[in-house]
>>> print(open('target_9.txt').read())   # compact mmCIF, C-alpha atoms
# COMPACT_ATOMS: atom_id res chain seq x y z
CA MET A 1 80.28 -115.11 10.55
CA SER A 2 82.33 -112.09 9.46
CA LYS A 3 82.58 -108.75 11.17
CA ILE A 4 81.44 -105.91 8.90
CA GLY A 5 82.06 -102.23 9.60
CA PHE A 6 79.98 -99.55 7.93
CA LEU A 7 80.44 -95.86 7.19
CA SER A 8 77.72 -93.83 5.46
CA LEU A 9 78.25 -90.34 4.09
CA GLY A 10 76.01 -87.74 2.52
CA CYS A 11 72.26 -87.27 2.52
CA PRO A 12 69.46 -89.11 4.33
CA LYS A 13 68.48 -90.83 1.07
CA ASN A 14 71.92 -92.42 0.86
CA GLN A 15 71.71 -93.29 4.56
CA ILE A 16 68.52 -95.27 3.91
CA ASP A 17 70.26 -97.18 1.11
CA GLY A 18 72.99 -98.04 3.60
CA GLU A 19 70.47 -99.25 6.15
CA ARG A 20 68.99 -101.63 3.58
CA MET A 21 72.46 -103.01 2.82
CA LEU A 22 73.14 -103.48 6.54
CA ALA A 23 69.94 -105.48 6.94
CA LEU A 24 70.92 -107.73 4.03
CA LEU A 25 74.33 -108.34 5.58
CA GLN A 26 72.93 -109.02 9.04
CA ASN A 27 70.32 -111.40 7.66
CA ALA A 28 73.10 -113.24 5.82
CA GLY A 29 74.73 -113.96 9.19
CA HIS A 30 77.36 -111.22 9.34
CA GLU A 31 77.99 -109.22 12.50
CA ILE A 32 77.67 -105.45 12.06
CA VAL A 33 80.27 -103.76 14.27
CA ASP A 34 80.64 -100.14 15.37
CA ASP A 35 84.33 -100.51 16.21
CA LEU A 36 86.12 -100.85 12.87
CA ASP A 37 89.28 -102.29 14.45
CA GLY A 38 89.14 -106.01 13.72
CA ALA A 39 86.49 -105.79 11.00
CA ASP A 40 86.87 -108.34 8.21
CA ALA A 41 85.50 -105.79 5.78
CA VAL A 42 84.43 -102.14 5.90
CA LEU A 43 81.70 -100.86 3.63
CA VAL A 44 82.03 -97.16 2.73
CA ASN A 45 78.75 -95.77 1.39
CA THR A 46 79.84 -92.57 -0.34
CA CYS A 47 78.40 -89.25 -1.51
CA ALA A 48 79.49 -87.29 -4.59
CA PHE A 49 76.95 -84.48 -4.86
CA ILE A 50 79.39 -81.56 -4.63
CA GLU A 51 83.14 -81.09 -4.35
CA ASP A 52 83.22 -81.06 -0.54
CA ALA A 53 81.28 -84.33 -0.44
CA LYS A 54 83.70 -85.95 -2.89
CA LYS A 55 86.67 -84.81 -0.81
CA GLU A 56 85.10 -86.23 2.35
CA ALA A 57 84.44 -89.54 0.62
CA ILE A 58 88.00 -89.82 -0.70
CA GLU A 59 89.48 -88.88 2.68
CA THR A 60 87.32 -91.51 4.36
CA ILE A 61 88.45 -94.17 1.87
CA LEU A 62 92.09 -93.19 2.43
CA ASP A 63 91.58 -93.45 6.19
CA MET A 64 90.35 -97.02 5.62
CA VAL A 65 93.43 -97.72 3.48
CA SER A 66 95.65 -96.63 6.37
CA MET A 67 93.76 -98.92 8.76
CA LYS A 68 94.09 -101.76 6.27
CA GLU A 69 97.84 -101.21 5.91
CA ASP A 70 98.15 -101.23 9.71
CA GLY A 71 96.36 -104.57 9.88
CA MET A 72 93.32 -103.16 11.68
CA ILE A 73 90.75 -104.04 9.03
CA GLY A 74 90.49 -106.50 6.17
CA LYS A 75 88.75 -105.62 2.94
CA ILE A 76 87.49 -102.21 1.75
CA ILE A 77 84.24 -102.05 -0.25
CA VAL A 78 83.19 -98.73 -1.78
CA THR A 79 79.62 -98.10 -2.87
CA GLY A 80 77.24 -95.16 -3.20
CA CYS A 81 77.33 -92.09 -5.39
CA LEU A 82 81.11 -91.68 -5.67
CA SER A 83 81.58 -95.20 -6.99
CA GLU A 84 78.64 -94.83 -9.40
CA ARG A 85 80.00 -91.53 -10.71
CA TYR A 86 83.75 -92.31 -10.76
CA ARG A 87 83.73 -96.08 -11.26
CA GLN A 88 87.01 -96.22 -13.21
CA GLN A 89 89.01 -93.70 -11.25
CA ILE A 90 88.63 -95.22 -7.77
CA LEU A 91 90.48 -98.47 -8.43
CA GLN A 92 93.01 -96.72 -10.67
CA GLU A 93 93.89 -94.10 -8.07
CA ILE A 94 93.26 -96.13 -4.89
CA PRO A 95 94.26 -99.71 -5.79
CA GLU A 96 94.09 -100.76 -2.14
CA VAL A 97 90.29 -100.79 -2.46
CA ASP A 98 88.94 -104.36 -2.79
CA ALA A 99 85.57 -103.63 -4.41
CA VAL A 100 83.81 -100.78 -6.18
CA CYS A 101 80.05 -101.16 -6.57
CA GLY A 102 77.45 -99.01 -8.31
CA VAL A 103 74.20 -98.13 -6.60
CA GLY A 104 72.38 -100.74 -8.67
CA ALA A 105 74.37 -103.41 -6.81
CA ASN A 106 73.05 -102.46 -3.37
CA GLY A 107 70.57 -105.33 -3.35
CA ASP A 108 73.40 -107.80 -3.99
CA MET A 109 75.62 -106.59 -1.16
CA ALA A 110 75.50 -109.83 0.86
CA GLU A 111 76.75 -111.82 -2.15
CA ILE A 112 79.32 -109.14 -2.98
CA VAL A 113 80.77 -109.24 0.53
CA GLU A 114 81.09 -113.04 0.34
CA GLN A 115 82.87 -112.72 -3.01
CA VAL A 116 85.20 -109.98 -1.76
CA LEU A 117 86.16 -111.87 1.40
CA SER A 118 87.37 -114.83 -0.66
CA ALA A 119 88.70 -113.01 -3.75
CA GLU A 120 92.29 -112.12 -4.48
CA GLU A 121 91.49 -109.62 -7.23
CA PRO A 122 89.36 -106.44 -6.86
CA VAL A 123 85.66 -106.78 -7.54
CA GLU A 124 83.85 -104.34 -9.83
CA THR A 125 80.11 -104.46 -10.36
CA PHE A 126 77.88 -101.81 -11.92
CA PRO A 127 74.36 -103.07 -12.66
CA ASP A 128 71.77 -100.68 -14.06
CA LYS A 129 71.23 -97.91 -11.51
CA LEU A 130 67.47 -98.43 -11.86
CA LEU A 131 67.98 -101.75 -10.00
CA LEU A 132 68.65 -99.81 -6.79
CA PRO A 133 66.23 -101.38 -4.25
CA LEU A 134 63.45 -99.05 -3.13
CA ASN A 135 61.98 -101.53 -0.65
CA GLY A 136 63.31 -104.00 1.86
CA GLU A 137 64.19 -104.34 5.51
CA ARG A 138 66.34 -101.65 7.14
CA LEU A 139 68.76 -101.73 10.05
CA LEU A 140 68.19 -98.23 11.42
CA THR A 141 71.21 -96.05 12.13
CA THR A 142 69.09 -93.21 13.54
CA PRO A 143 67.74 -93.16 17.11
CA PRO A 144 64.80 -95.57 17.52
CA TYR A 145 62.20 -92.79 17.86
CA TRP A 146 62.81 -90.98 14.53
CA THR A 147 63.93 -91.89 11.05
CA TYR A 148 63.77 -90.94 7.39
CA LEU A 149 61.30 -92.49 4.95
CA LYS A 150 62.30 -92.33 1.28
CA ILE A 151 59.25 -92.03 -0.97
CA ALA A 152 61.00 -91.76 -4.36
CA GLU A 153 64.39 -92.21 -6.01
CA GLY A 154 66.27 -90.34 -8.72
CA CYS A 155 65.43 -87.00 -10.31
CA SER A 156 64.07 -85.72 -13.62
CA ASN A 157 64.16 -81.98 -12.92
CA GLY A 158 67.28 -81.30 -14.99
CA CYS A 159 68.83 -78.55 -12.86
CA THR A 160 71.97 -77.51 -14.71
CA TYR A 161 74.24 -77.63 -11.63
CA CYS A 162 73.22 -81.10 -10.43
CA ALA A 163 74.73 -84.52 -11.19
CA ILE A 164 72.07 -86.54 -9.35
CA PRO A 165 70.17 -87.66 -12.49
CA LYS A 166 73.39 -89.11 -13.93
CA ILE A 167 74.17 -90.85 -10.65
CA ARG A 168 70.72 -91.98 -9.54
CA GLY A 169 68.67 -92.07 -12.74
CA LYS A 170 65.25 -90.68 -13.53
CA PHE A 171 62.64 -89.85 -10.89
CA ARG A 172 60.59 -92.85 -9.83
CA SER A 173 58.03 -92.88 -7.05
CA ARG A 174 57.66 -95.84 -4.74
CA PRO A 175 54.22 -97.48 -4.82
CA PRO A 176 52.12 -95.99 -2.01
CA GLU A 177 51.27 -99.41 -0.57
CA ASP A 178 55.01 -100.14 -0.14
CA ILE A 179 55.55 -96.84 1.66
CA ILE A 180 52.58 -97.39 3.96
CA GLU A 181 53.75 -100.91 4.78
CA GLU A 182 57.21 -99.62 5.69
CA ALA A 183 55.76 -96.75 7.75
CA LYS A 184 53.62 -99.23 9.73
CA LYS A 185 56.66 -101.41 10.39
CA LEU A 186 58.64 -98.40 11.59
CA ALA A 187 55.78 -97.34 13.87
CA ASP A 188 55.60 -100.87 15.31
CA ASP A 189 59.33 -100.62 16.04
CA GLY A 190 58.82 -97.42 18.06
CA VAL A 191 59.42 -94.66 15.52
CA LYS A 192 57.42 -91.52 16.42
CA GLU A 193 58.75 -89.03 13.89
CA LEU A 194 58.85 -89.83 10.16
CA ILE A 195 60.76 -87.47 7.88
CA LEU A 196 59.68 -87.87 4.26
CA VAL A 197 62.52 -87.47 1.76
CA ALA A 198 63.14 -87.72 -1.97
CA GLN A 199 65.17 -85.66 -4.40
CA ASP A 200 61.92 -83.77 -5.04
CA THR A 201 59.34 -84.81 -2.46
CA THR A 202 56.58 -82.72 -4.03
CA ARG A 203 56.93 -84.58 -7.35
CA TYR A 204 55.75 -87.79 -5.72
CA GLY A 205 53.13 -89.58 -7.79
CA GLU A 206 53.52 -87.63 -11.04
CA ASP A 207 55.17 -90.60 -12.75
CA PHE A 208 52.43 -93.13 -11.96
CA CYS A 209 49.25 -91.06 -11.85
CA GLY A 210 50.12 -87.93 -13.83
CA LYS A 211 49.64 -85.52 -10.95
CA PRO A 212 51.12 -84.87 -7.50
CA ALA A 213 50.04 -87.48 -4.97
CA LEU A 214 52.00 -86.35 -1.91
CA ALA A 215 48.97 -85.07 -0.01
CA ALA A 216 47.10 -88.34 -0.49
CA LEU A 217 50.12 -90.31 0.69
CA ILE A 218 50.48 -88.18 3.82
CA ARG A 219 46.82 -88.67 4.69
CA GLU A 220 47.37 -92.44 4.72
CA ILE A 221 50.57 -92.22 6.77
CA ALA A 222 48.78 -89.97 9.29
CA LYS A 223 46.31 -92.79 9.98
CA ILE A 224 49.07 -95.02 11.38
CA ASP A 225 48.99 -95.43 15.16
CA GLY A 226 52.26 -94.54 16.85
CA ILE A 227 53.39 -91.95 14.32
CA ALA A 228 53.15 -88.58 16.09
CA TRP A 229 55.12 -86.27 13.78
CA ILE A 230 55.43 -86.22 9.98
CA ARG A 231 58.03 -83.81 8.57
CA LEU A 232 58.60 -82.79 4.94
CA LEU A 233 61.98 -82.08 3.34
CA TYR A 234 62.92 -81.11 -0.25
CA CYS A 235 59.64 -79.53 -1.42
CA TYR A 236 60.17 -77.70 -4.71
CA PRO A 237 58.39 -74.31 -4.79
CA GLU A 238 56.63 -74.76 -8.15
CA ARG A 239 54.99 -77.99 -6.91
CA ILE A 240 53.71 -76.79 -3.53
CA THR A 241 49.98 -76.99 -4.19
CA ASP A 242 47.09 -75.40 -2.34
CA GLU A 243 46.05 -78.93 -1.39
CA LEU A 244 49.40 -79.51 0.33
CA ILE A 245 49.30 -76.16 2.13
CA ASP A 246 45.77 -76.86 3.36
CA LEU A 247 46.83 -80.30 4.56
CA ILE A 248 49.74 -78.86 6.55
CA ALA A 249 47.31 -76.40 8.11
CA THR A 250 44.76 -79.04 9.11
CA GLU A 251 46.45 -82.42 9.67
CA PRO A 252 47.62 -82.54 13.33
CA LYS A 253 50.45 -85.01 12.68
CA LEU A 254 51.92 -83.05 9.76
CA LEU A 255 54.33 -80.58 11.32
CA HIS A 256 54.14 -76.88 10.49
CA TYR A 257 57.54 -77.13 8.85
CA LEU A 258 58.41 -76.83 5.18
CA ASP A 259 61.79 -77.14 3.48
CA ILE A 260 61.72 -75.31 0.12
CA PRO A 261 65.01 -75.24 -1.86
CA PHE A 262 64.61 -71.94 -3.74
CA GLN A 263 68.34 -71.87 -4.69
CA HIS A 264 68.27 -68.24 -5.89
CA ALA A 265 66.04 -65.22 -6.43
CA ASP A 266 67.44 -63.53 -9.54
CA PRO A 267 65.42 -64.59 -12.64
CA ALA A 268 68.42 -64.76 -14.96
CA VAL A 269 70.36 -66.96 -12.54
CA LEU A 270 67.33 -69.17 -11.93
CA THR A 271 66.84 -69.61 -15.68
CA ALA A 272 70.50 -70.55 -16.09
CA MET A 273 70.06 -73.05 -13.24
CA GLY A 274 67.12 -74.63 -15.02
CA ARG A 275 64.84 -73.43 -12.24
CA SER A 276 61.71 -71.32 -12.42
CA GLY A 277 60.48 -68.27 -10.56
CA ASN A 278 61.94 -65.02 -9.30
CA LYS A 279 62.06 -62.96 -6.14
CA GLU A 280 58.44 -61.81 -6.51
CA SER A 281 57.00 -65.29 -7.13
CA HIS A 282 59.05 -66.70 -4.25
CA LEU A 283 57.79 -64.06 -1.84
CA ALA A 284 54.20 -64.53 -3.04
CA LEU A 285 54.41 -68.25 -2.27
CA LEU A 286 55.84 -67.58 1.19
CA GLN A 287 53.08 -65.07 1.88
CA LYS A 288 50.40 -67.56 0.81
CA ILE A 289 51.87 -70.25 3.08
CA ARG A 290 52.17 -67.91 6.07
CA GLU A 291 48.63 -66.62 5.66
CA LYS A 292 47.29 -70.19 5.85
CA ILE A 293 49.81 -71.38 8.49
CA PRO A 294 50.99 -68.38 10.57
CA ASP A 295 53.26 -70.44 12.85
CA ILE A 296 55.00 -72.39 10.07
CA THR A 297 58.76 -72.86 10.11
CA LEU A 298 60.27 -72.24 6.67
CA ARG A 299 63.69 -73.53 5.63
CA THR A 300 65.51 -73.00 2.35
CA SER A 301 68.82 -73.72 0.65
CA LEU A 302 70.56 -71.25 -1.66
CA ILE A 303 73.52 -71.30 -4.04
CA ALA A 304 75.84 -68.31 -4.26
CA GLY A 305 78.34 -67.74 -7.04
CA PHE A 306 76.59 -69.56 -9.88
CA PRO A 307 78.13 -68.85 -13.32
CA GLY A 308 77.06 -65.42 -14.52
CA GLU A 309 75.90 -64.26 -11.08
CA THR A 310 76.56 -60.51 -11.32
CA GLU A 311 76.82 -58.13 -8.40
CA GLU A 312 73.24 -57.09 -9.15
CA ALA A 313 72.05 -60.70 -9.11
CA PHE A 314 73.80 -61.35 -5.81
CA THR A 315 72.24 -58.20 -4.37
CA ALA A 316 68.83 -59.53 -5.42
CA LEU A 317 69.58 -62.75 -3.55
CA SER A 318 70.61 -60.82 -0.45
CA GLU A 319 67.50 -58.65 -0.58
CA PHE A 320 65.35 -61.75 -0.97
CA VAL A 321 66.80 -63.24 2.21
CA LYS A 322 66.13 -60.02 4.11
CA GLU A 323 62.53 -59.84 2.93
CA ALA A 324 61.72 -63.54 3.19
CA ARG A 325 62.97 -63.87 6.77
CA PHE A 326 63.35 -67.61 6.72
CA ASP A 327 63.48 -69.45 10.02
CA ARG A 328 66.23 -71.74 8.75
CA LEU A 329 68.59 -71.23 5.80
CA GLY A 330 71.75 -72.73 4.39
CA CYS A 331 73.68 -71.00 1.61
CA PHE A 332 76.38 -72.90 -0.27
CA ALA A 333 79.08 -71.79 -2.66
CA TYR A 334 78.42 -73.10 -6.17
CA SER A 335 80.30 -76.34 -6.84
CA ARG A 336 81.37 -76.85 -10.46
CA GLU A 337 80.53 -80.48 -11.26
CA GLU A 338 81.79 -82.44 -14.26
CA GLY A 339 79.06 -83.75 -16.54
CA THR A 340 76.57 -81.00 -15.71
CA LYS A 341 75.44 -78.29 -18.10
CA ALA A 342 76.65 -75.56 -15.76
CA TYR A 343 80.20 -76.93 -15.83
CA ASP A 344 80.84 -75.48 -19.31
CA MET A 345 78.93 -72.23 -18.83
CA ALA A 346 80.71 -68.95 -19.41
CA ASP A 347 81.44 -66.41 -16.67
CA GLN A 348 82.55 -68.86 -13.99
CA LEU A 349 83.32 -67.03 -10.74
CA ASP A 350 86.53 -67.55 -8.79
CA GLU A 351 86.38 -69.75 -5.69
CA GLN A 352 87.00 -66.96 -3.19
CA THR A 353 84.19 -64.83 -4.57
CA LYS A 354 81.80 -67.77 -4.32
CA LEU A 355 82.85 -68.51 -0.75
CA ASP A 356 82.64 -64.86 0.27
CA ARG A 357 79.14 -64.48 -1.14
CA ALA A 358 77.90 -67.63 0.60
CA GLU A 359 79.38 -66.41 3.88
CA ILE A 360 77.65 -63.03 3.51
CA ILE A 361 74.26 -64.71 3.07
CA ASN A 362 74.82 -67.10 5.98
CA GLU A 363 75.92 -64.27 8.28
CA GLN A 364 72.92 -62.24 7.21
CA GLN A 365 70.62 -65.14 8.01
CA GLY A 366 72.30 -65.64 11.38
CA PHE A 367 70.85 -62.39 12.69
CA ILE A 368 67.39 -63.34 11.40
CA THR A 369 67.58 -66.77 13.02
CA GLU A 370 68.49 -65.21 16.36
CA GLU A 371 65.64 -62.70 16.09
CA LYS A 372 63.20 -65.48 15.21
CA ALA A 373 64.33 -67.50 18.23
CA ARG A 374 63.86 -64.58 20.59
CA GLU A 375 60.34 -64.06 19.26
CA LYS A 376 59.48 -67.46 20.75
CA ILE A 377 60.31 -66.42 24.32
CA GLY A 378 57.16 -66.86 26.38
CA THR A 379 55.58 -69.35 23.96
CA GLU A 380 54.88 -73.04 24.41
CA GLN A 381 56.63 -75.51 22.11
CA GLN A 382 56.37 -79.25 21.56
CA VAL A 383 59.77 -80.92 21.91
CA ILE A 384 61.02 -84.46 21.34
CA VAL A 385 63.59 -85.48 23.98
CA GLU A 386 66.99 -86.51 22.60
CA GLY A 387 69.17 -86.75 25.68
CA TYR A 388 70.23 -85.56 29.13
CA ASP A 389 73.23 -83.40 29.99
CA GLY A 390 74.41 -84.23 33.50
CA TYR A 391 76.80 -81.28 33.55
CA THR A 392 74.00 -78.72 33.22
CA ASP A 393 71.30 -80.97 34.78
CA SER A 394 69.05 -80.37 31.78
CA TYR A 395 67.57 -82.21 28.83
CA TYR A 396 68.00 -81.38 25.17
CA GLY A 397 65.94 -82.13 22.11
CA ARG A 398 64.24 -80.70 19.04
CA SER A 399 61.08 -78.68 18.65
CA THR A 400 58.65 -79.14 15.78
CA ALA A 401 60.64 -76.35 14.09
CA ASP A 402 63.85 -78.37 14.07
CA ALA A 403 64.72 -81.18 11.68
CA PRO A 404 67.40 -83.55 12.99
CA GLU A 405 71.02 -83.07 11.95
CA ILE A 406 70.43 -79.71 10.21
CA ASP A 407 68.51 -77.41 12.55
CA ARG A 408 68.66 -76.09 16.12
CA THR A 409 68.58 -77.58 19.62
CA VAL A 410 66.23 -76.93 22.53
CA LYS A 411 67.62 -77.14 26.08
CA PHE A 412 65.17 -77.49 28.94
CA THR A 413 64.64 -78.64 32.51
CA SER A 414 62.04 -81.03 33.85
CA ARG A 415 60.86 -81.89 37.36
CA LYS A 416 60.16 -85.46 36.32
CA GLU A 417 62.48 -87.95 34.65
CA LEU A 418 62.15 -88.19 30.87
CA GLU A 419 63.16 -90.81 28.33
CA ASP A 420 64.67 -90.24 24.89
CA GLY A 421 61.82 -90.04 22.38
CA ASP A 422 59.30 -88.58 24.83
CA ILE A 423 57.34 -85.66 23.39
CA VAL A 424 56.76 -82.90 25.93
CA THR A 425 55.50 -79.33 25.98
CA ILE A 426 57.90 -76.68 27.25
CA ARG A 427 57.60 -73.00 27.99
CA VAL A 428 60.43 -70.99 26.44
CA PHE A 429 62.10 -68.50 28.77
CA ASP A 430 65.22 -67.55 26.78
CA ALA A 431 67.19 -68.02 23.55
CA GLN A 432 70.96 -68.27 23.01
CA ASP A 433 72.54 -68.16 19.55
CA GLY A 434 69.30 -69.37 17.98
CA ASP A 435 68.75 -72.24 20.44
CA LEU A 436 65.73 -72.14 22.74
CA LEU A 437 65.89 -72.55 26.53
CA GLY A 438 62.84 -73.65 28.47
CA GLU A 439 61.22 -75.82 31.08
CA VAL A 440 58.61 -78.57 30.88
CA LYS A 441 55.16 -77.29 31.80
>>> encode(input="target_9.txt", output="structure tokens")
Amino acid sequence: MSKIGFLSLGCPKNQIDGERMLALLQNAGHEIVDDLDGADAVLVNTCAFIEDAKKEAIETILDMVSMKEDGMIGKIIVTGCLSERYRQQILQEIPEVDAVCGVGANGDMAEIVEQVLSAEEPVETFPDKLLLPLNGERLLTTPPYWTYLKIAEGCSNGCTYCAIPKIRGKFRSRPPEDIIEEAKKLADDGVKELILVAQDTTRYGEDFCGKPALAALIREIAKIDGIAWIRLLYCYPERITDELIDLIATEPKLLHYLDIPFQHADPAVLTAMGRSGNKESHLALLQKIREKIPDITLRTSLIAGFPGETEEAFTALSEFVKEARFDRLGCFAYSREEGTKAYDMADQLDEQTKLDRAEIINEQQGFITEEKAREKIGTEQQVIVEGYDGYTDSYYGRSTADAPEIDRTVKFTSRKELEDGDIVTIRVFDAQDGDLLGEVK
């Protein structure tokens, strides 16, 4: 038995890939350890979506090199998006790495680890990315009461700023029966909240039945005993159908929460991005959703500083944020990525301008988020318990309006003892910096 350490970076979809690799390694007889000191090998599951993610991945690998040089760990295995995208450069620039594996090799990780542990020379393996396993056992790295459920892999949208299709391949939906089987297994293991993810969740089913099949899939998942909350992330605006909106409004387990990555509001910028719509169509969609689901929480992601974004285009983006009044919003400075169409576009903006514009949008949204939180004072909210703070003698958790790892926290008191994963109803009596304060009814 060997001791294997594991570090996973990036998005929930990559995290799920890592969990499948961990299960393979554990089933092969290896011990998965949290303390890296003494590990025979450390697997670094990397991200390479934007520049900041690449920097984090490289810094993490270099940290492992330092631990290896100090005799704290044995071998270093790099997998994930960085290794798929920069397969040649990693071993050339960081020769201390013992293996570089493409995402198509994830299903062979147990055999790769055995090879690496006994090999003197570095191992390189890059099978077809379409061999990335979409099914299989997972060793969860999230708390036992919530997790992500990946319903598709890859992307075929062709956004000009995005390298995901080159890294992950074309969009391919998982068969619904496989997803349902995994959801039932997760429910049996105690998972209460399932968060459905894909690069474009709303595209689910188009590749095998010619039309969106997300609503039908959700209806089947909602039938599973034990699943209390179903949350949707990455829903593209042009594929949010009336059927999906109606389902959110009527299915009790499907949370009134929708993550819609609009990315921008200026039509010229959106066209250059390879995206559709404009400020007016965006606002019309939001109005339609809010009319059907008045208490819905709406999240979006935006990109500031895209090539050719004029002052007028940025003003349009700012005005859109003011009018849309999202509950949750993240704005990011455009990252110029090699191999994308946007990389060679004219009128690239300087880094400081991009950063400044993103900061303006995020500050602008900060006031809206605080106002939205204060509007909930006096209301009742469902909350999933995530822990207890002995210093303040209070619990903390997430409301239905809060996705894990990206949204806000609810702090509350309770007269009775609670366990992590309990779902309770609280009455909100205050809000601080966008976080709700309350007490269990």
>>> residues_near_point(input="target_9.txt", point="(54.4, -73.4, -3.4)", cutoff="12 Å", atoms="all atoms listed in the file", output="PyMOL selection string")
chain A and resi 202+234-246+258-262+276-277+281-290+298
>>> atom_distance(input="target_9.txt", atom1="CA of Ala228 (chain A)", atom2="CA of Thr250 (chain A)")
14.5 Å
>>> atom_distance(input="target_9.txt", atom1="CA of Gly102 (chain A)", atom2="CA of Pro127 (chain A)")
6.7 Å
>>> closest_atom_pairs(input="target_9.txt", of="region 225-280 of chain A", to="region 408-422 of chain A", cutoff="12 Å", atoms="all atoms listed in the file", output="JSON lines")
{"residue": "A:Gly226", "atom": "CA", "partner": "A:Gly421", "partner_atom": "CA", "distance": 11.9}
{"residue": "A:Ile227", "atom": "CA", "partner": "A:Gly421", "partner_atom": "CA", "distance": 11.8}
{"residue": "A:Ala228", "atom": "CA", "partner": "A:Asp422", "partner_atom": "CA", "distance": 10.7}
{"residue": "A:Trp229", "atom": "CA", "partner": "A:Gly421", "partner_atom": "CA", "distance": 11.5}
>>> closest_residue(input="target_9.txt", among="A:Ile16, A:Met72, A:Ala313, A:Ala215", to="Glu153 (chain A)", atoms="only C-alpha atoms")
A:Ile16
>>> atom_distance(input="target_9.txt", atom1="CA of Glu405 (chain A)", atom2="CA of Leu140 (chain A)")
15.4 Å
